Amino acid sequence: MVWRQIDFAKYSSIKIGPKIEVAVIEEQDEFPSGKILIGGANNLLISNNPPPLMILGKSFDFIEIKDDSLIAGCAVKTGRLLSFAKKHNIANFEFIAKLPGTVGGMVAMNAGVKEYEVFNIIQEVKLGNRWVKKEEIEYGYRFAKLDGIATKVKFKLEYGYNEKLKNELLALRNNQPKEPSAGSFFKNPPGDYAGRLIEAVGLKGKRVGNMGFSEIHANFLVNYGNGTFEEAIELVTKAKELVLQKFGIELQNEVQIL
């Protein structure tokens with residue numbers, strides 16, 4: 001096992017976090033206990049003193065076709081997976097266009113767009129050293145309960161890449177802000193939208209220091225430049241308090257806070 005210094009103020013998509021040493025795990029390594037696995041830090045808000053962290057190394061950055069499955073390591077970037085699908089005319093991956101992060105991150109949060117979710121096309125997930133069938137994993141809207149560290153994923157292999165579908169799904173995300181963010185901060189409550197609730201309590205465009213809820217999409221907490229963890233937490237706490245007071249709804253984080 002080796003170590004890599006990561007500056008999360010540059011590495012994470014929201015551009016917040018300290019510069020710390022992170023363990024890099026390769027296939028021949030034993031998975032250490034007491035460390036939290038992160039991917040591309042696209043759905044994370046890292047504090048100034050996070051718990052011990054680890055990432056998957058190059059041995060988990062591969063894509064291959066085997067029999068009736070596409071197998072990808074969990075360190076593979078989503079953009080690379082989409083390019084592979086397009087090159088080989090493979091269907092069902094169109095929804096990951098411009099979805100940031102890694103395969104492992106997608107699986108951990110069952111990432112998707114509308115009804116298109118990654119667990120729709122998963123066959124099995126390798127957790128540590130054992131393959132687990134999708135049916136044995138509890139998953140749902142933006143979550144998956146993984147009993148172990150996801151290292152590889154086996155997807156259904158179907159042909160017929162659809163560029164038109166990809167463009168249609170991309171159009172659904174045209175209202176997302178350009179500033180650094182961690183994506184949608186809160187999960188949508190059943191039958192409602194977190195962005196609507198945040199706007200309804202007057203927080204759309206609200207800033208604390210250099211952090212703010214976007215004026216374009218209220219459920220995006222964005223960094224306007226040198227934003228801090230404390231500023232982000234102040235806004236998140238305020239949104240939860242006001243939405244609970246006005247609507248009786250407890251907003252649930254989609255972004256993981258470490």
# chains A, B, ... in the order shown; residues from 1 in each chain; ligands from 1
>>> closest_atom_pairs(of="range 10-33 of chain A", to="range 57-78 of chain A", cutoff="12 Å", atoms="only C-alpha atoms", output="tab-separated table")
residue	atom	partner	partner_atom	distance
A:Val22	CA	A:Gly57	CA	11.2
A:Ala23	CA	A:Gly57	CA	9.3
A:Val24	CA	A:Gly57	CA	5.6
A:Ile25	CA	A:Gly57	CA	5.4
A:Glu26	CA	A:Gly57	CA	5.1
A:Glu27	CA	A:Ser59	CA	5.9
A:Gln28	CA	A:Ser59	CA	8.9
A:Asp29	CA	A:Gly57	CA	10.2
>>> write_last_selection(atoms="N, CA and C atoms", output="PDB file, in the first residue's frame")
ATOM      1  N   VAL A  22      -3.500  10.244   1.557  1.00  0.00           N
ATOM      2  CA  VAL A  22      -4.583   9.281   1.344  1.00  0.00           C
ATOM      3  C   VAL A  22      -3.962   7.955   0.905  1.00  0.00           C
ATOM      4  N   ALA A  23      -4.437   6.851   1.470  1.00  0.00           N
ATOM      5  CA  ALA A  23      -3.920   5.527   1.099  1.00  0.00           C
ATOM      6  C   ALA A  23      -4.402   5.143  -0.294  1.00  0.00           C
ATOM      7  N   VAL A  24      -3.500   4.586  -1.108  1.00  0.00           N
ATOM      8  CA  VAL A  24      -3.838   4.109  -2.451  1.00  0.00           C
ATOM      9  C   VAL A  24      -3.828   2.580  -2.428  1.00  0.00           C
ATOM     10  N   ILE A  25      -4.985   1.975  -2.714  1.00  0.00           N
ATOM     11  CA  ILE A  25      -5.138   0.530  -2.596  1.00  0.00           C
ATOM     12  C   ILE A  25      -5.088  -0.108  -3.978  1.00  0.00           C
ATOM     13  N   GLU A  26      -4.210  -1.099  -4.133  1.00  0.00           N
ATOM     14  CA  GLU A  26      -4.131  -1.881  -5.369  1.00  0.00           C
ATOM     15  C   GLU A  26      -4.686  -3.288  -5.116  1.00  0.00           C
ATOM     16  N   GLU A  27      -4.857  -4.035  -6.202  1.00  0.00           N
ATOM     17  CA  GLU A  27      -5.533  -5.329  -6.107  1.00  0.00           C
ATOM     18  C   GLU A  27      -4.809  -6.301  -5.188  1.00  0.00           C
ATOM     19  N   GLN A  28      -3.484  -6.199  -5.113  1.00  0.00           N
ATOM     20  CA  GLN A  28      -2.737  -7.141  -4.267  1.00  0.00           C
ATOM     21  C   GLN A  28      -2.755  -6.763  -2.796  1.00  0.00           C
ATOM     22  N   ASP A  29      -3.275  -5.574  -2.479  1.00  0.00           N
ATOM     23  CA  ASP A  29      -3.278  -5.108  -1.090  1.00  0.00           C
ATOM     24  C   ASP A  29      -4.456  -5.668  -0.302  1.00  0.00           C
TER      25      ASP A  29
END
>>> residues_around(residues="Phe155 in chain A", least_positions_apart="2", cutoff="10 Å", atoms="only C-alpha atoms", output="list in words")
Ile65, Asp68, Ser69, Leu70, Ile71, Ala72, Asn92, Phe93, Val118, Phe119, Asn120, Ile121, Ile122, Gln123, Glu124, Val125, Lys152, Val153, Leu157 and Glu158 of chain A
>>> atom_distance(atom1="CA of Asp192 in chain A", atom2="CA of Gly101 in chain A")
26.0 Å
>>> select_by_dssp(residues="range 54-226 of chain A", states="alpha helix (DSSP H)", output="PyMOL selection string")
chain A and resi 78-87+103-108+163-171+194-200
>>> write_last_selection(atoms="N, CA and C atoms", output="mmCIF file, in the first residue's frame")
data_model
loop_
_atom_site.group_PDB
_atom_site.id
_atom_site.type_symbol
_atom_site.label_atom_id
_atom_site.label_comp_id
_atom_site.auth_asym_id
_atom_site.auth_seq_id
_atom_site.Cartn_x
_atom_site.Cartn_y
_atom_site.Cartn_z
ATOM 1 N N THR A 78 -16.186 7.968 -15.163
ATOM 2 C CA THR A 78 -17.435 7.780 -15.905
ATOM 3 C C THR A 78 -17.289 8.216 -17.359
ATOM 4 N N GLY A 79 -16.525 9.265 -17.615
ATOM 5 C CA GLY A 79 -16.322 9.722 -18.985
ATOM 6 C C GLY A 79 -15.629 8.683 -19.840
ATOM 7 N N ARG A 80 -14.683 7.975 -19.253
ATOM 8 C CA ARG A 80 -13.982 6.920 -19.991
ATOM 9 C C ARG A 80 -14.927 5.755 -20.289
ATOM 10 N N LEU A 81 -15.792 5.434 -19.334
ATOM 11 C CA LEU A 81 -16.749 4.349 -19.544
ATOM 12 C C LEU A 81 -17.713 4.689 -20.669
ATOM 13 N N LEU A 82 -18.181 5.931 -20.714
ATOM 14 C CA LEU A 82 -19.083 6.351 -21.792
ATOM 15 C C LEU A 82 -18.379 6.294 -23.137
ATOM 16 N N SER A 83 -17.142 6.742 -23.207
ATOM 17 C CA SER A 83 -16.384 6.692 -24.463
ATOM 18 C C SER A 83 -16.214 5.260 -24.951
ATOM 19 N N PHE A 84 -15.973 4.343 -24.013
ATOM 20 C CA PHE A 84 -15.838 2.927 -24.364
ATOM 21 C C PHE A 84 -17.153 2.395 -24.931
ATOM 22 N N ALA A 85 -18.260 2.758 -24.272
ATOM 23 C CA ALA A 85 -19.575 2.294 -24.738
ATOM 24 C C ALA A 85 -19.868 2.818 -26.143
ATOM 25 N N LYS A 86 -19.569 4.077 -26.377
ATOM 26 C CA LYS A 86 -19.819 4.661 -27.693
ATOM 27 C C LYS A 86 -18.945 3.997 -28.760
ATOM 28 N N LYS A 87 -17.675 3.804 -28.457
ATOM 29 C CA LYS A 87 -16.736 3.204 -29.408
ATOM 30 C C LYS A 87 -17.150 1.788 -29.789
ATOM 31 N N VAL A 103 -16.763 4.888 -11.506
ATOM 32 C CA VAL A 103 -17.732 3.788 -11.488
ATOM 33 C C VAL A 103 -18.102 3.439 -10.050
ATOM 34 N N GLY A 104 -17.119 3.392 -9.171
ATOM 35 C CA GLY A 104 -17.410 3.076 -7.773
ATOM 36 C C GLY A 104 -18.335 4.080 -7.128
ATOM 37 N N GLY A 105 -18.112 5.351 -7.416
ATOM 38 C CA GLY A 105 -18.984 6.386 -6.882
ATOM 39 C C GLY A 105 -20.402 6.270 -7.406
ATOM 40 N N MET A 106 -20.528 5.949 -8.709
ATOM 41 C CA MET A 106 -21.861 5.758 -9.296
ATOM 42 C C MET A 106 -22.615 4.650 -8.595
ATOM 43 N N VAL A 107 -21.905 3.552 -8.326
ATOM 44 C CA VAL A 107 -22.551 2.402 -7.688
ATOM 45 C C VAL A 107 -22.949 2.737 -6.257
ATOM 46 N N ALA A 108 -22.048 3.390 -5.534
ATOM 47 C CA ALA A 108 -22.298 3.678 -4.121
ATOM 48 C C ALA A 108 -23.528 4.540 -3.910
ATOM 49 N N GLU A 163 -27.043 7.924 -29.479
ATOM 50 C CA GLU A 163 -26.574 9.306 -29.326
ATOM 51 C C GLU A 163 -27.733 10.266 -29.072
ATOM 52 N N LYS A 164 -28.868 10.001 -29.692
ATOM 53 C CA LYS A 164 -30.045 10.870 -29.515
ATOM 54 C C LYS A 164 -30.502 10.840 -28.062
ATOM 55 N N LEU A 165 -30.543 9.641 -27.465
ATOM 56 C CA LEU A 165 -30.930 9.526 -26.060
ATOM 57 C C LEU A 165 -29.933 10.260 -25.181
ATOM 58 N N LYS A 166 -28.650 10.126 -25.477
ATOM 59 C CA LYS A 166 -27.634 10.820 -24.682
ATOM 60 C C LYS A 166 -27.881 12.323 -24.684
ATOM 61 N N ASN A 167 -28.145 12.885 -25.854
ATOM 62 C CA ASN A 167 -28.373 14.331 -25.965
ATOM 63 C C ASN A 167 -29.649 14.761 -25.255
ATOM 64 N N GLU A 168 -30.680 13.923 -25.306
ATOM 65 C CA GLU A 168 -31.929 14.240 -24.605
ATOM 66 C C GLU A 168 -31.711 14.279 -23.092
ATOM 67 N N LEU A 169 -30.939 13.334 -22.580
ATOM 68 C CA LEU A 169 -30.670 13.299 -21.144
ATOM 69 C C LEU A 169 -29.750 14.439 -20.720
ATOM 70 N N LEU A 170 -28.817 14.802 -21.584
ATOM 71 C CA LEU A 170 -27.957 15.941 -21.286
ATOM 72 C C LEU A 170 -28.765 17.224 -21.182
ATOM 73 N N ALA A 171 -29.784 17.350 -22.037
ATOM 74 C CA ALA A 171 -30.615 18.553 -22.034
ATOM 75 C C ALA A 171 -31.340 18.736 -20.710
ATOM 76 N N ALA A 194 -36.109 19.131 -3.880
ATOM 77 C CA ALA A 194 -35.346 19.875 -2.881
ATOM 78 C C ALA A 194 -35.103 21.306 -3.338
ATOM 79 N N GLY A 195 -34.830 21.491 -4.629
ATOM 80 C CA GLY A 195 -34.590 22.831 -5.149
ATOM 81 C C GLY A 195 -35.791 23.743 -4.953
ATOM 82 N N ARG A 196 -36.992 23.211 -5.166
ATOM 83 C CA ARG A 196 -38.210 24.008 -4.985
ATOM 84 C C ARG A 196 -38.369 24.421 -3.526
ATOM 85 N N LEU A 197 -38.085 23.494 -2.612
ATOM 86 C CA LEU A 197 -38.224 23.771 -1.188
ATOM 87 C C LEU A 197 -37.220 24.828 -0.728
ATOM 88 N N ILE A 198 -35.991 24.719 -1.210
ATOM 89 C CA ILE A 198 -34.956 25.691 -0.837
ATOM 90 C C ILE A 198 -35.318 27.079 -1.363
ATOM 91 N N GLU A 199 -35.827 27.120 -2.581
ATOM 92 C CA GLU A 199 -36.255 28.400 -3.150
ATOM 93 C C GLU A 199 -37.445 28.959 -2.376
ATOM 94 N N ALA A 200 -38.360 28.085 -1.964
ATOM 95 C CA ALA A 200 -39.577 28.521 -1.273
ATOM 96 C C ALA A 200 -39.284 29.137 0.097
#
>>> residues_around(residues="range 234-238 of chain A", least_positions_apart="4", cutoff="10 Å", atoms="only C-alpha atoms", output="list in words")
Phe185, Phe186, Ile198, Val201, Leu203, Lys206, Arg207, Val208, Met211, Gly212, Phe213, Leu221, Phe229, Glu230, Leu242, Val243, Leu244, Leu251 and Asn253 of chain A
>>> closest_atom_pairs(of="range 153-247 of chain A", to="range 36-54 of chain A", cutoff="10 Å", atoms="only C-alpha atoms", output="CSV")
residue,atom,partner,partner_atom,distance
A:Pro180,CA,A:Asn42,CA,9.8
A:Ser181,CA,A:Asn42,CA,8.1
A:Ala182,CA,A:Asn43,CA,4.9
A:Gly183,CA,A:Asn43,CA,6.5
A:Ser184,CA,A:Asn43,CA,8.5
A:Phe185,CA,A:Asn43,CA,8.3
A:Thr228,CA,A:Ser47,CA,8.9
A:Phe229,CA,A:Ser47,CA,5.9
A:Glu230,CA,A:Ser47,CA,8.3
A:Ala232,CA,A:Leu45,CA,8.6
A:Ile233,CA,A:Leu45,CA,9.3
>>> atom_distance(atom1="CA of Gln5 in chain A", atom2="CA of Asn129 in chain A")
26.7 Å
>>> select_by_dssp(residues="range 50-179 of chain A", states="strand (DSSP E or B)", output="number ranges by chain")
A: 53-56, 63-66, 69-73, 77, 90, 102, 112-113, 116-117, 122-127, 130-133, 138-140, 143-145, 150-156, 159
>>> atom_distance(atom1="CA of Phe31 in chain A", atom2="CA of Val255 in chain A")
24.2 Å
>>> closest_residue(among="A:Val222, A:Leu258, A:Met109, A:Leu172", to="Leu146 in chain A", atoms="only C-alpha atoms")
A:Met109
>>> residues_around(residues="Lys178 in chain A", least_positions_apart="5", cutoff="12 Å", atoms="only C-alpha atoms", output="PDB file with C-alpha atoms, in the first residue's frame")
ATOM      1  CA  SER A  13     -15.471  19.027  -7.448  1.00  0.00           C
ATOM      2  CA  ILE A  14     -16.612  21.621  -4.891  1.00  0.00           C
ATOM      3  CA  ARG A 173     -29.144  18.988 -16.951  1.00  0.00           C
ATOM      4  CA  GLY A 183     -23.891  18.217  -7.568  1.00  0.00           C
ATOM      5  CA  SER A 214     -27.023  28.743  -6.895  1.00  0.00           C
ATOM      6  CA  GLU A 215     -29.263  31.338  -8.527  1.00  0.00           C
ATOM      7  CA  ILE A 216     -29.668  28.871 -11.409  1.00  0.00           C
ATOM      8  CA  HIS A 217     -30.642  25.769  -9.402  1.00  0.00           C
ATOM      9  CA  PHE A 220     -26.702  23.227  -5.940  1.00  0.00           C
ATOM     10  CA  LEU A 221     -24.371  24.560  -3.249  1.00  0.00           C
ATOM     11  CA  VAL A 222     -21.661  26.323  -5.237  1.00  0.00           C
ATOM     12  CA  ASN A 223     -18.214  27.696  -4.523  1.00  0.00           C
ATOM     13  CA  TYR A 224     -17.727  31.209  -5.870  1.00  0.00           C
TER      14      TYR A 224
END
>>> closest_residue(among="A:Asn110, A:Ser33, A:Ser12, A:Pro177", to="Ile137 in chain A", atoms="only C-alpha atoms")
A:Asn110
>>> residues_around(residues="Phe8 in chain A", least_positions_apart="2", cutoff="7 Å", atoms="only C-alpha atoms", output="PyMOL selection string")
chain A and resi 6+10-12+15-19
>>> closest_residue(among="A:Glu179, A:Pro189, A:Ile90, A:Ile249", to="Gly225 in chain A", atoms="only C-alpha atoms")
A:Glu179
>>> decode(residues="range 120-152 of chain A", atoms="C-alpha atoms", output="compact mmCIF listing (two decimals), in the first residue's frame")
# COMPACT_ATOMS: atom_id res chain seq x y z
CA ASN A 120 -30.77 -0.90 -13.80
CA ILE A 121 -27.83 -2.26 -15.78
CA ILE A 122 -25.74 -3.91 -13.06
CA GLN A 123 -25.49 -7.69 -12.83
CA GLU A 124 -23.00 -8.08 -9.98
CA VAL A 125 -20.70 -5.99 -7.81
CA LYS A 126 -17.39 -7.25 -6.47
CA LEU A 127 -17.22 -6.31 -2.79
CA GLY A 128 -13.69 -6.88 -1.58
CA ASN A 129 -12.86 -10.33 -2.94
CA ARG A 130 -16.35 -11.70 -3.58
CA TRP A 131 -18.91 -11.13 -6.32
CA VAL A 132 -22.39 -10.23 -5.09
CA LYS A 133 -25.48 -10.36 -7.31
CA LYS A 134 -27.51 -7.17 -7.66
CA GLU A 135 -30.53 -8.89 -6.15
CA GLU A 136 -28.61 -9.39 -2.90
CA ILE A 137 -27.91 -5.65 -2.53
CA GLU A 138 -30.36 -3.19 -1.02
CA TYR A 139 -30.53 -0.12 -3.23
CA GLY A 140 -32.92 2.65 -4.19
CA TYR A 141 -33.09 6.31 -5.07
CA ARG A 142 -29.54 7.61 -4.74
CA PHE A 143 -28.31 4.95 -2.35
CA ALA A 144 -26.90 1.45 -2.25
CA LYS A 145 -26.05 -0.44 0.92
CA LEU A 146 -22.76 -2.11 0.05
CA ASP A 147 -21.50 -4.62 2.57
CA GLY A 148 -17.87 -4.07 1.70
CA ILE A 149 -15.65 -2.08 -0.64
CA ALA A 150 -16.82 -2.06 -4.26
CA THR A 151 -13.85 -2.84 -6.50
CA LYS A 152 -15.36 -4.10 -9.79
